Structure formats: C-alpha cells, structure tokens
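Read through the structure below, which is laid out as structure tokens, and then see the notes.
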Amino acid sequence: MLSTATADGVPAPYNSTVATRLGRRRIPIHTTFYWGHKVDILFQCWPGDSAAMYAVALILVFFMAVLVEWLSFTNIVKLKPGGSNDVVGGLLKTGLYGVRSGLSYLVMLAVMSFNGGVFVVAICGHVIGFLIFGTRAIRKKSGGLDSSKP
C-alpha cells in the first residue's frame, strides 16, 4: 500500500482524496472520479451541499457543452471575399472563437472536479450538440436548422 508522510512524519494512508487547507476550511481534492452531490464545481462552495443546486449545476454544464458545439458548427458571420466589412466580420469571428474557447475551458474545469455526474453530462452535452449541429441527422432539408446554407 502506498503512503505519504504527514508533517509529523507519520505515514498517512493512500486514498483518492487529498485534503487541502485553505484558511480555516479543509477542502477535499479528489484525484479519481467519485459520485455524489457534495462537490465544488467551478467556484468555491458552489453548488454546495444541496442536491437541487447540484442538479442546476449539471444542467448548466450540459448546456455549456451544447453551446460549445453550436459555436463550433455555426456560421453566423458570413464573410464575402472582397467585401467592405472584412475587418468587422473577422473581428466578430475572432470574438466568437474567444467565447467558444472560454466555454470549452469552463467545461474542462468543471470536469476536473472529478465528479462522475459532471463528467457524464459534459460528454452528453457535447454528443447531443454534435448530433444536432454537427451532423445532418436532424437538420431539415428546407433550411430549418441548417446554418451552413446561405
């Protein structure tokens, strides 16, 4: 069995949780996936110990992942070669890229909480988002959801 030495030199048993002391509060930092609703996701003390707030956090992570996929496949800004608004269009595309990158990192940081529920909803959000926006499985041929056609 692996062990680590504490400050007193007494070996501590190996487990999947490392406790970090921040101020007066001991915060468990998980190094393996675990299941439970008592978790900190993205911010300290959020969602807290409430199962309802945990469900809200899972819904938020799911929709952030779907939004990342939508931003990956959408063509909101259409640039025409030689157009007069090339600079403005380029800046808008760059801004959307920055938003997508930021949301991607937020989803990644949420998954780094090592909570199994957060991991599952993040993957499901990416998969559902790709199904809706990245494939032609759900897009209507009449141009309904298809954002790639002019």
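Going through the structure tokens in order, the chains are called A, B, and so on, while each chain numbers its residues from 1 and the ligands are numbered from 1 in the order shown.
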I'd like the contact shell of A:Ala110 - 7 Å cut-off, only C-alpha atoms, skipping same-chain residues fewer than 6 positions apart - returned as a ChimeraX atom specification. /A:41-42,118
Limited to N, CA and C atoms, could you put the picked residues into a file as a short mmCIF file (atom, residue, chain, number, x, y, z; two decimals), in the first residue's frame?
data_model
loop_
_atom_site.label_atom_id
_atom_site.label_comp_id
_atom_site.auth_asym_id
_atom_site.auth_seq_id
_atom_site.Cartn_x
_atom_site.Cartn_y
_atom_site.Cartn_z
N ILE A 41 -17.98 22.94 -8.00
CA ILE A 41 -17.82 22.97 -9.46
C ILE A 41 -17.58 24.42 -9.86
N LEU A 42 -16.46 24.70 -10.46
CA LEU A 42 -16.08 26.00 -10.99
C LEU A 42 -15.81 27.06 -9.92
N VAL A 118 -20.81 15.18 -13.35
CA VAL A 118 -20.36 16.30 -14.19
C VAL A 118 -19.71 15.77 -15.46
#
Please provide as number ranges by chain all residues within 9 Å of stretch 63-76 of chain A, with the sequence filter that same-chain residues fewer than 4 positions apart are discarded (counting only C-alpha atoms). A: 58-59, 93, 96-97, 99-101, 103-104, 106-107, 121-130, 132-134, 146-149
Generate the output file for the selected residues, N, CA, C and O atoms, as a short mmCIF file (atom, residue, chain, number, x, y, z; two decimals), in the first residue's frame.
data_model
loop_
_atom_site.label_atom_id
_atom_site.label_comp_id
_atom_site.auth_asym_id
_atom_site.auth_seq_id
_atom_site.Cartn_x
_atom_site.Cartn_y
_atom_site.Cartn_z
N LEU A 58 -25.43 20.64 -12.96
CA LEU A 58 -25.32 19.66 -14.05
C LEU A 58 -26.01 20.16 -15.31
O LEU A 58 -25.49 20.00 -16.42
N ILE A 59 -27.17 20.79 -15.16
CA ILE A 59 -27.88 21.34 -16.31
C ILE A 59 -27.05 22.45 -16.96
O ILE A 59 -26.94 22.54 -18.19
N LYS A 93 -15.82 37.07 -35.92
CA LYS A 93 -15.44 35.65 -35.88
C LYS A 93 -14.41 35.39 -34.79
O LYS A 93 -14.46 34.36 -34.11
N LEU A 96 -16.24 35.37 -31.45
CA LEU A 96 -16.96 34.11 -31.25
C LEU A 96 -16.00 32.96 -30.94
O LEU A 96 -16.32 32.08 -30.13
N TYR A 97 -14.84 32.97 -31.57
CA TYR A 97 -13.84 31.95 -31.28
C TYR A 97 -13.37 32.06 -29.83
O TYR A 97 -13.20 31.06 -29.13
N VAL A 99 -15.11 33.31 -27.29
CA VAL A 99 -16.21 32.83 -26.43
C VAL A 99 -16.25 31.31 -26.41
O VAL A 99 -16.40 30.70 -25.35
N ARG A 100 -16.11 30.69 -27.58
CA ARG A 100 -16.12 29.23 -27.65
C ARG A 100 -14.95 28.63 -26.88
O ARG A 100 -15.11 27.66 -26.13
N SER A 101 -13.78 29.23 -27.00
CA SER A 101 -12.61 28.74 -26.25
C SER A 101 -12.82 28.87 -24.75
O SER A 101 -12.51 27.96 -23.98
N LEU A 103 -15.71 28.99 -23.10
CA LEU A 103 -16.70 28.00 -22.67
C LEU A 103 -16.11 26.59 -22.63
O LEU A 103 -16.42 25.81 -21.73
N SER A 104 -15.26 26.28 -23.60
CA SER A 104 -14.61 24.97 -23.60
C SER A 104 -13.75 24.78 -22.36
O SER A 104 -13.77 23.70 -21.74
N LEU A 106 -14.19 26.31 -19.48
CA LEU A 106 -15.07 26.19 -18.33
C LEU A 106 -15.62 24.77 -18.19
O LEU A 106 -15.71 24.23 -17.08
N VAL A 107 -15.99 24.16 -19.31
CA VAL A 107 -16.46 22.77 -19.27
C VAL A 107 -15.33 21.86 -18.79
O VAL A 107 -15.53 20.97 -17.97
N VAL A 121 -22.55 14.41 -17.85
CA VAL A 121 -23.36 15.43 -18.52
C VAL A 121 -22.53 16.27 -19.48
O VAL A 121 -23.06 16.73 -20.50
N ALA A 122 -21.25 16.46 -19.23
CA ALA A 122 -20.40 17.18 -20.18
C ALA A 122 -20.26 16.39 -21.47
O ALA A 122 -20.40 16.95 -22.57
N ILE A 123 -20.02 15.09 -21.36
CA ILE A 123 -19.91 14.26 -22.57
C ILE A 123 -21.25 14.22 -23.29
O ILE A 123 -21.30 14.35 -24.52
N CYS A 124 -22.34 14.04 -22.56
CA CYS A 124 -23.67 14.01 -23.19
C CYS A 124 -23.97 15.34 -23.87
O CYS A 124 -24.55 15.36 -24.97
N GLY A 125 -23.61 16.46 -23.27
CA GLY A 125 -23.81 17.76 -23.90
C GLY A 125 -23.04 17.90 -25.20
O GLY A 125 -23.58 18.39 -26.21
N HIS A 126 -21.80 17.45 -25.22
CA HIS A 126 -21.01 17.50 -26.46
C HIS A 126 -21.61 16.58 -27.52
O HIS A 126 -21.69 16.94 -28.70
N VAL A 127 -22.03 15.39 -27.11
CA VAL A 127 -22.58 14.43 -28.07
C VAL A 127 -23.91 14.94 -28.65
O VAL A 127 -24.12 14.90 -29.87
N ILE A 128 -24.80 15.41 -27.79
CA ILE A 128 -26.09 15.93 -28.26
C ILE A 128 -25.88 17.17 -29.13
O ILE A 128 -26.52 17.32 -30.18
N GLY A 129 -24.98 18.03 -28.74
CA GLY A 129 -24.67 19.21 -29.54
C GLY A 129 -24.12 18.84 -30.90
O GLY A 129 -24.49 19.44 -31.92
N PHE A 130 -23.23 17.86 -30.95
CA PHE A 130 -22.70 17.41 -32.23
C PHE A 130 -23.79 16.77 -33.08
O PHE A 130 -23.85 17.00 -34.29
N ILE A 132 -26.98 17.44 -33.06
CA ILE A 132 -27.90 18.47 -33.56
C ILE A 132 -27.22 19.39 -34.57
O ILE A 132 -27.78 19.68 -35.63
N PHE A 133 -26.02 19.87 -34.27
CA PHE A 133 -25.40 20.90 -35.09
C PHE A 133 -24.29 20.40 -36.00
O PHE A 133 -23.99 21.06 -37.00
N GLY A 134 -23.69 19.26 -35.71
CA GLY A 134 -22.55 18.80 -36.48
C GLY A 134 -22.85 17.74 -37.52
O GLY A 134 -22.05 17.52 -38.41
N ASP A 146 -30.36 24.12 -40.57
CA ASP A 146 -29.08 24.10 -41.24
C ASP A 146 -28.53 25.52 -41.36
O ASP A 146 -29.03 26.32 -42.11
N SER A 147 -27.51 25.81 -40.57
CA SER A 147 -26.94 27.16 -40.59
C SER A 147 -25.81 27.30 -41.61
O SER A 147 -25.25 28.36 -41.76
N SER A 148 -25.47 26.22 -42.30
CA SER A 148 -24.35 26.30 -43.25
C SER A 148 -24.80 26.76 -44.63
O SER A 148 -23.99 27.04 -45.47
N LYS A 149 -26.10 26.83 -44.88
CA LYS A 149 -26.60 27.27 -46.19
C LYS A 149 -26.92 28.75 -46.14
O LYS A 149 -27.40 29.25 -45.14
#
Considering only C-alpha atoms, state which residue in the set A:Gly102, A:His30, A:Asn115, A:Gly82 is at the smallest distance from A:Tyr54. A:Asn115
One decimal, Å: what's the distance from atom CA of A:Ile29 over to atom CA of A:Phe114, could you say?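 It comes out at 8.8 Å.
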Atom CA of A:Ala52 and atom CA of A:Val120, how far apart in Å? 17.5 Å
Name the residues of stretch 36-148 of chain A that come out as helix (DSSP H, G or I) in a backbone DSSP run; write them as an MDAnalysis selection string. chainID A and resid 51:73 86:111 116:134
Could you please determine the separation between atom CA of A:Val111 and atom CA of A:Pro47 in Å, to one decimal place? 14.2 Å
